[in-house]
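Working notes, structure below.
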Amino acid sequence: MLTLPEVCEELGISPSTFYDWRAKGRAPKCIKLPNGGIRVRRSVLESWLNDREDAA
């Protein structure tokens with residue numbers, strides 16, 4: 001699983017952009033940990049990116 005900074009670095013975006021996308025339902029599905037941390041499964045991120053490629 002990827003941390004939020006890892007996801008943002010891979011996508012080339014800031015954390016605030018990621019949170020904005022998440023609030024609008026445009027971000028990949030996340031797992032919220034009990035401590036408030038956010039993780040994204042590698043497979044979910046890759047699938048999400050593939051969906052964006054097809055839409056472009």
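By order in the structure tokens, chains are A, B, ...; within a chain, residues start at 1; ligands start at 1, following the order shown.
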
Can you pull out every residue within 12 Å of segment 34-51 of chain A, counting only C-alpha atoms, but drop anything in the same chain fewer than 2 positions away, and send it as a compact mmCIF listing (two decimals) with all heavy atoms, in the first residue's frame?
# COMPACT_ATOMS: atom_id res chain seq x y z
N MET A 1 0.83 -1.18 0.00
CA MET A 1 0.00 0.00 0.00
C MET A 1 0.88 1.24 0.00
O MET A 1 1.95 1.26 0.58
CB MET A 1 -0.91 0.00 1.22
CG MET A 1 -2.03 -1.01 1.12
SD MET A 1 -3.38 -0.64 2.21
CE MET A 1 -2.90 -1.56 3.64
N LEU A 2 0.40 2.27 -0.67
CA LEU A 2 1.15 3.52 -0.82
C LEU A 2 0.63 4.56 0.17
O LEU A 2 -0.57 4.65 0.42
CB LEU A 2 0.99 4.06 -2.24
CG LEU A 2 1.45 3.14 -3.36
CD1 LEU A 2 0.98 3.68 -4.70
CD2 LEU A 2 2.94 2.99 -3.34
N THR A 3 1.54 5.36 0.68
CA THR A 3 1.15 6.47 1.54
C THR A 3 0.71 7.64 0.66
O THR A 3 0.97 7.66 -0.55
CB THR A 3 2.33 6.93 2.42
OG1 THR A 3 3.37 7.41 1.57
CG2 THR A 3 2.84 5.79 3.29
N LEU A 4 0.08 8.61 1.27
CA LEU A 4 -0.37 9.79 0.52
C LEU A 4 0.80 10.51 -0.15
O LEU A 4 0.71 10.85 -1.33
CB LEU A 4 -1.15 10.73 1.43
CG LEU A 4 -1.70 11.97 0.75
CD1 LEU A 4 -2.65 11.62 -0.37
CD2 LEU A 4 -2.39 12.86 1.76
N PRO A 5 1.92 10.75 0.55
CA PRO A 5 3.05 11.40 -0.14
C PRO A 5 3.57 10.60 -1.34
O PRO A 5 3.94 11.17 -2.36
CB PRO A 5 4.12 11.51 0.95
CG PRO A 5 3.36 11.53 2.23
CD PRO A 5 2.18 10.62 1.99
N GLU A 6 3.57 9.27 -1.24
CA GLU A 6 4.01 8.44 -2.36
C GLU A 6 3.07 8.57 -3.55
O GLU A 6 3.51 8.67 -4.69
CB GLU A 6 4.11 6.98 -1.92
CG GLU A 6 5.22 6.71 -0.94
CD GLU A 6 5.18 5.32 -0.33
OE1 GLU A 6 4.08 4.71 -0.26
OE2 GLU A 6 6.25 4.85 0.08
N VAL A 7 1.76 8.57 -3.28
CA VAL A 7 0.77 8.72 -4.35
C VAL A 7 0.92 10.08 -5.02
O VAL A 7 0.95 10.18 -6.24
CB VAL A 7 -0.66 8.52 -3.81
CG1 VAL A 7 -1.69 8.86 -4.88
CG2 VAL A 7 -0.87 7.11 -3.31
N CYS A 8 1.04 11.13 -4.21
CA CYS A 8 1.17 12.48 -4.75
C CYS A 8 2.44 12.63 -5.58
O CYS A 8 2.42 13.27 -6.63
CB CYS A 8 1.15 13.50 -3.61
SG CYS A 8 -0.47 13.65 -2.83
N GLU A 10 4.01 10.23 -7.19
CA GLU A 10 3.83 9.48 -8.43
C GLU A 10 2.95 10.21 -9.42
O GLU A 10 3.18 10.17 -10.63
CB GLU A 10 3.24 8.11 -8.10
CG GLU A 10 3.28 7.17 -9.28
CD GLU A 10 3.12 5.72 -8.89
OE1 GLU A 10 3.62 5.31 -7.83
OE2 GLU A 10 2.49 4.99 -9.67
N LEU A 11 1.91 10.89 -8.92
CA LEU A 11 1.00 11.62 -9.80
C LEU A 11 1.50 13.02 -10.13
O LEU A 11 0.96 13.68 -11.03
CB LEU A 11 -0.38 11.73 -9.15
CG LEU A 11 -1.13 10.41 -8.93
CD1 LEU A 11 -2.43 10.65 -8.18
CD2 LEU A 11 -1.39 9.71 -10.25
N PRO A 15 -0.51 17.39 -2.02
CA PRO A 15 -1.52 16.75 -1.16
C PRO A 15 -2.85 17.50 -1.17
O PRO A 15 -3.91 16.88 -1.14
CB PRO A 15 -0.88 16.77 0.23
CG PRO A 15 0.59 16.76 -0.04
CD PRO A 15 0.75 17.59 -1.29
N PHE A 18 -4.80 16.36 -4.08
CA PHE A 18 -5.35 15.03 -3.84
C PHE A 18 -6.59 15.10 -2.96
O PHE A 18 -7.60 14.47 -3.25
CB PHE A 18 -4.31 14.11 -3.20
CG PHE A 18 -4.80 12.70 -3.03
CD1 PHE A 18 -4.67 11.78 -4.05
CD2 PHE A 18 -5.40 12.30 -1.85
CE1 PHE A 18 -5.15 10.49 -3.91
CE2 PHE A 18 -5.88 11.01 -1.69
CZ PHE A 18 -5.75 10.10 -2.72
N TYR A 19 -6.53 15.89 -1.87
CA TYR A 19 -7.68 16.02 -0.98
C TYR A 19 -8.87 16.66 -1.70
O TYR A 19 -10.02 16.30 -1.45
CB TYR A 19 -7.31 16.82 0.27
CG TYR A 19 -6.50 16.03 1.27
CD1 TYR A 19 -5.23 16.44 1.63
CD2 TYR A 19 -7.02 14.87 1.85
CE1 TYR A 19 -4.48 15.72 2.56
CE2 TYR A 19 -6.28 14.15 2.78
CZ TYR A 19 -5.01 14.58 3.12
OH TYR A 19 -4.28 13.86 4.04
N ARG A 22 -10.34 14.01 -3.81
CA ARG A 22 -11.04 13.06 -2.94
C ARG A 22 -12.40 13.60 -2.52
O ARG A 22 -13.39 12.87 -2.52
CB ARG A 22 -10.17 12.76 -1.73
CG ARG A 22 -10.66 11.60 -0.92
CD ARG A 22 -9.58 11.12 0.04
NE ARG A 22 -10.12 10.00 0.79
CZ ARG A 22 -10.15 9.92 2.09
NH1 ARG A 22 -9.64 10.88 2.82
NH2 ARG A 22 -10.67 8.88 2.69
N ARG A 26 -13.11 12.17 -7.21
CA ARG A 26 -12.29 11.93 -8.41
C ARG A 26 -10.99 11.19 -8.12
O ARG A 26 -10.29 10.80 -9.06
CB ARG A 26 -11.95 13.26 -9.07
CG ARG A 26 -13.16 13.98 -9.59
CD ARG A 26 -12.78 15.27 -10.24
NE ARG A 26 -13.97 15.95 -10.73
CZ ARG A 26 -14.00 17.20 -11.11
NH1 ARG A 26 -12.90 17.92 -11.08
NH2 ARG A 26 -15.12 17.74 -11.53
N ALA A 27 -10.65 11.01 -6.86
CA ALA A 27 -9.40 10.35 -6.48
C ALA A 27 -9.59 8.84 -6.47
O ALA A 27 -10.72 8.34 -6.41
CB ALA A 27 -8.98 10.83 -5.10
N PRO A 28 -8.48 8.10 -6.52
CA PRO A 28 -8.60 6.65 -6.39
C PRO A 28 -9.15 6.30 -5.00
O PRO A 28 -8.99 7.08 -4.05
CB PRO A 28 -7.17 6.14 -6.56
CG PRO A 28 -6.28 7.32 -6.43
CD PRO A 28 -7.09 8.53 -6.71
N LYS A 29 -9.78 5.13 -4.88
CA LYS A 29 -10.32 4.71 -3.59
C LYS A 29 -9.19 4.60 -2.57
O LYS A 29 -8.12 4.09 -2.87
CB LYS A 29 -11.02 3.36 -3.72
CG LYS A 29 -12.33 3.46 -4.42
CD LYS A 29 -13.07 2.14 -4.31
CE LYS A 29 -14.44 2.28 -4.92
NZ LYS A 29 -15.23 1.07 -4.78
N CYS A 30 -9.48 5.10 -1.38
CA CYS A 30 -8.49 5.13 -0.31
C CYS A 30 -8.92 4.25 0.85
O CYS A 30 -10.10 3.96 1.03
CB CYS A 30 -8.34 6.55 0.22
SG CYS A 30 -7.87 7.76 -1.02
N ILE A 31 -7.93 3.88 1.64
CA ILE A 31 -8.17 3.18 2.89
C ILE A 31 -7.79 4.15 3.99
O ILE A 31 -6.67 4.67 4.02
CB ILE A 31 -7.30 1.91 2.98
CG1 ILE A 31 -7.66 0.95 1.87
CG2 ILE A 31 -7.44 1.26 4.36
CD1 ILE A 31 -6.70 -0.20 1.71
N LYS A 32 -8.74 4.44 4.88
CA LYS A 32 -8.45 5.34 6.00
C LYS A 32 -8.12 4.49 7.22
O LYS A 32 -8.93 3.68 7.65
CB LYS A 32 -9.64 6.26 6.28
CG LYS A 32 -9.30 7.34 7.28
CD LYS A 32 -10.33 8.43 7.30
CE LYS A 32 -9.84 9.54 8.22
NZ LYS A 32 -10.73 10.67 8.21
N GLU A 53 -6.63 7.04 -18.62
CA GLU A 53 -6.03 6.94 -19.96
C GLU A 53 -7.11 6.68 -21.00
O GLU A 53 -7.12 7.28 -22.05
CB GLU A 53 -5.00 5.83 -19.96
CG GLU A 53 -4.26 5.69 -21.27
CD GLU A 53 -3.21 4.62 -21.19
OE1 GLU A 53 -2.34 4.70 -20.30
OE2 GLU A 53 -3.26 3.69 -22.00
N ASP A 54 -8.03 5.78 -20.71
CA ASP A 54 -9.09 5.46 -21.66
C ASP A 54 -10.03 6.65 -21.87
O ASP A 54 -10.57 6.82 -22.96
CB ASP A 54 -9.91 4.26 -21.16
CG ASP A 54 -9.09 2.98 -21.16
OD1 ASP A 54 -8.05 2.95 -21.86
OD2 ASP A 54 -9.47 2.03 -20.48
N ALA A 55 -10.22 7.46 -20.84
CA ALA A 55 -11.13 8.59 -20.93
C ALA A 55 -10.52 9.75 -21.72
O ALA A 55 -11.25 10.60 -22.22
CB ALA A 55 -11.51 9.05 -19.53
N ALA A 56 -9.21 9.77 -21.81
CA ALA A 56 -8.54 10.91 -22.44
C ALA A 56 -8.67 10.92 -23.92
O ALA A 56 -8.77 10.22 -24.74
CB ALA A 56 -7.06 10.93 -22.08

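Running DSSP on the backbone and keeping only alpha helix (DSSP H), the residues of segment 1-51 of chain A that qualify are Leu4, Pro5, Glu6, Val7, Cys8, Glu9, Glu10, Leu11, Pro15, Ser16, Thr17, Phe18, Tyr19, Asp20, Trp21, Arg22, Ala23, Arg42, Ser43, Val44, Leu45, Glu46, Ser47, Trp48, Leu49, Asn50 and Asp51 of chain A.
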
With N, CA and C atoms retained, could you export that selection as a PDB file, in the first residue's frame?
ATOM      1  N   LEU A   4       0.079   8.610   1.267  1.00  0.00           N
ATOM      2  CA  LEU A   4      -0.369   9.789   0.525  1.00  0.00           C
ATOM      3  C   LEU A   4       0.802  10.513  -0.153  1.00  0.00           C
ATOM      4  N   PRO A   5       1.925  10.751   0.546  1.00  0.00           N
ATOM      5  CA  PRO A   5       3.054  11.401  -0.143  1.00  0.00           C
ATOM      6  C   PRO A   5       3.569  10.600  -1.337  1.00  0.00           C
ATOM      7  N   GLU A   6       3.567   9.272  -1.236  1.00  0.00           N
ATOM      8  CA  GLU A   6       4.012   8.442  -2.357  1.00  0.00           C
ATOM      9  C   GLU A   6       3.066   8.566  -3.550  1.00  0.00           C
ATOM     10  N   VAL A   7       1.762   8.568  -3.278  1.00  0.00           N
ATOM     11  CA  VAL A   7       0.772   8.715  -4.350  1.00  0.00           C
ATOM     12  C   VAL A   7       0.920  10.078  -5.015  1.00  0.00           C
ATOM     13  N   CYS A   8       1.041  11.125  -4.205  1.00  0.00           N
ATOM     14  CA  CYS A   8       1.170  12.484  -4.747  1.00  0.00           C
ATOM     15  C   CYS A   8       2.438  12.632  -5.578  1.00  0.00           C
ATOM     16  N   GLU A   9       3.531  12.043  -5.108  1.00  0.00           N
ATOM     17  CA  GLU A   9       4.785  12.114  -5.861  1.00  0.00           C
ATOM     18  C   GLU A   9       4.636  11.401  -7.204  1.00  0.00           C
ATOM     19  N   GLU A  10       4.009  10.234  -7.187  1.00  0.00           N
ATOM     20  CA  GLU A  10       3.834   9.477  -8.426  1.00  0.00           C
ATOM     21  C   GLU A  10       2.946  10.213  -9.422  1.00  0.00           C
ATOM     22  N   LEU A  11       1.915  10.888  -8.917  1.00  0.00           N
ATOM     23  CA  LEU A  11       1.001  11.617  -9.799  1.00  0.00           C
ATOM     24  C   LEU A  11       1.501  13.023 -10.128  1.00  0.00           C
ATOM     25  N   PRO A  15      -0.512  17.387  -2.017  1.00  0.00           N
ATOM     26  CA  PRO A  15      -1.520  16.753  -1.162  1.00  0.00           C
ATOM     27  C   PRO A  15      -2.849  17.502  -1.171  1.00  0.00           C
ATOM     28  N   SER A  16      -2.810  18.826  -1.263  1.00  0.00           N
ATOM     29  CA  SER A  16      -4.068  19.581  -1.275  1.00  0.00           C
ATOM     30  C   SER A  16      -4.884  19.258  -2.526  1.00  0.00           C
ATOM     31  N   THR A  17      -4.215  19.042  -3.656  1.00  0.00           N
ATOM     32  CA  THR A  17      -4.917  18.648  -4.875  1.00  0.00           C
ATOM     33  C   THR A  17      -5.552  17.276  -4.696  1.00  0.00           C
ATOM     34  N   PHE A  18      -4.800  16.358  -4.082  1.00  0.00           N
ATOM     35  CA  PHE A  18      -5.348  15.026  -3.841  1.00  0.00           C
ATOM     36  C   PHE A  18      -6.587  15.104  -2.956  1.00  0.00           C
ATOM     37  N   TYR A  19      -6.531  15.887  -1.874  1.00  0.00           N
ATOM     38  CA  TYR A  19      -7.684  16.021  -0.977  1.00  0.00           C
ATOM     39  C   TYR A  19      -8.872  16.664  -1.697  1.00  0.00           C
ATOM     40  N   ASP A  20      -8.590  17.602  -2.597  1.00  0.00           N
ATOM     41  CA  ASP A  20      -9.646  18.221  -3.388  1.00  0.00           C
ATOM     42  C   ASP A  20     -10.312  17.178  -4.287  1.00  0.00           C
ATOM     43  N   TRP A  21      -9.498  16.381  -4.977  1.00  0.00           N
ATOM     44  CA  TRP A  21     -10.028  15.316  -5.825  1.00  0.00           C
ATOM     45  C   TRP A  21     -10.840  14.336  -4.992  1.00  0.00           C
ATOM     46  N   ARG A  22     -10.342  14.015  -3.808  1.00  0.00           N
ATOM     47  CA  ARG A  22     -11.036  13.055  -2.944  1.00  0.00           C
ATOM     48  C   ARG A  22     -12.396  13.600  -2.516  1.00  0.00           C
ATOM     49  N   ALA A  23     -12.456  14.878  -2.179  1.00  0.00           N
ATOM     50  CA  ALA A  23     -13.716  15.504  -1.774  1.00  0.00           C
ATOM     51  C   ALA A  23     -14.723  15.511  -2.929  1.00  0.00           C
ATOM     52  N   ARG A  42      -1.658  -0.244  -4.495  1.00  0.00           N
ATOM     53  CA  ARG A  42      -0.968  -0.077  -5.779  1.00  0.00           C
ATOM     54  C   ARG A  42      -1.892  -0.498  -6.932  1.00  0.00           C
ATOM     55  N   SER A  43      -2.590  -1.616  -6.773  1.00  0.00           N
ATOM     56  CA  SER A  43      -3.463  -2.109  -7.841  1.00  0.00           C
ATOM     57  C   SER A  43      -4.617  -1.140  -8.113  1.00  0.00           C
ATOM     58  N   VAL A  44      -5.139  -0.504  -7.066  1.00  0.00           N
ATOM     59  CA  VAL A  44      -6.229   0.464  -7.234  1.00  0.00           C
ATOM     60  C   VAL A  44      -5.723   1.696  -7.980  1.00  0.00           C
ATOM     61  N   LEU A  45      -4.527   2.170  -7.625  1.00  0.00           N
ATOM     62  CA  LEU A  45      -3.949   3.333  -8.303  1.00  0.00           C
ATOM     63  C   LEU A  45      -3.703   3.033  -9.777  1.00  0.00           C
ATOM     64  N   GLU A  46      -3.164   1.852 -10.072  1.00  0.00           N
ATOM     65  CA  GLU A  46      -2.900   1.497 -11.467  1.00  0.00           C
ATOM     66  C   GLU A  46      -4.198   1.386 -12.267  1.00  0.00           C
ATOM     67  N   SER A  47      -5.212   0.794 -11.675  1.00  0.00           N
ATOM     68  CA  SER A  47      -6.510   0.692 -12.336  1.00  0.00           C
ATOM     69  C   SER A  47      -7.111   2.073 -12.570  1.00  0.00           C
ATOM     70  N   TRP A  48      -7.006   2.941 -11.578  1.00  0.00           N
ATOM     71  CA  TRP A  48      -7.512   4.313 -11.671  1.00  0.00           C
ATOM     72  C   TRP A  48      -6.796   5.059 -12.796  1.00  0.00           C
ATOM     73  N   LEU A  49      -5.484   4.898 -12.891  1.00  0.00           N
ATOM     74  CA  LEU A  49      -4.719   5.551 -13.952  1.00  0.00           C
ATOM     75  C   LEU A  49      -5.121   5.012 -15.328  1.00  0.00           C
ATOM     76  N   ASN A  50      -5.335   3.704 -15.421  1.00  0.00           N
ATOM     77  CA  ASN A  50      -5.772   3.120 -16.693  1.00  0.00           C
ATOM     78  C   ASN A  50      -7.131   3.669 -17.115  1.00  0.00           C
ATOM     79  N   ASP A  51      -8.029   3.861 -16.149  1.00  0.00           N
ATOM     80  CA  ASP A  51      -9.333   4.443 -16.462  1.00  0.00           C
ATOM     81  C   ASP A  51      -9.196   5.864 -16.983  1.00  0.00           C
TER      82      ASP A  51
END
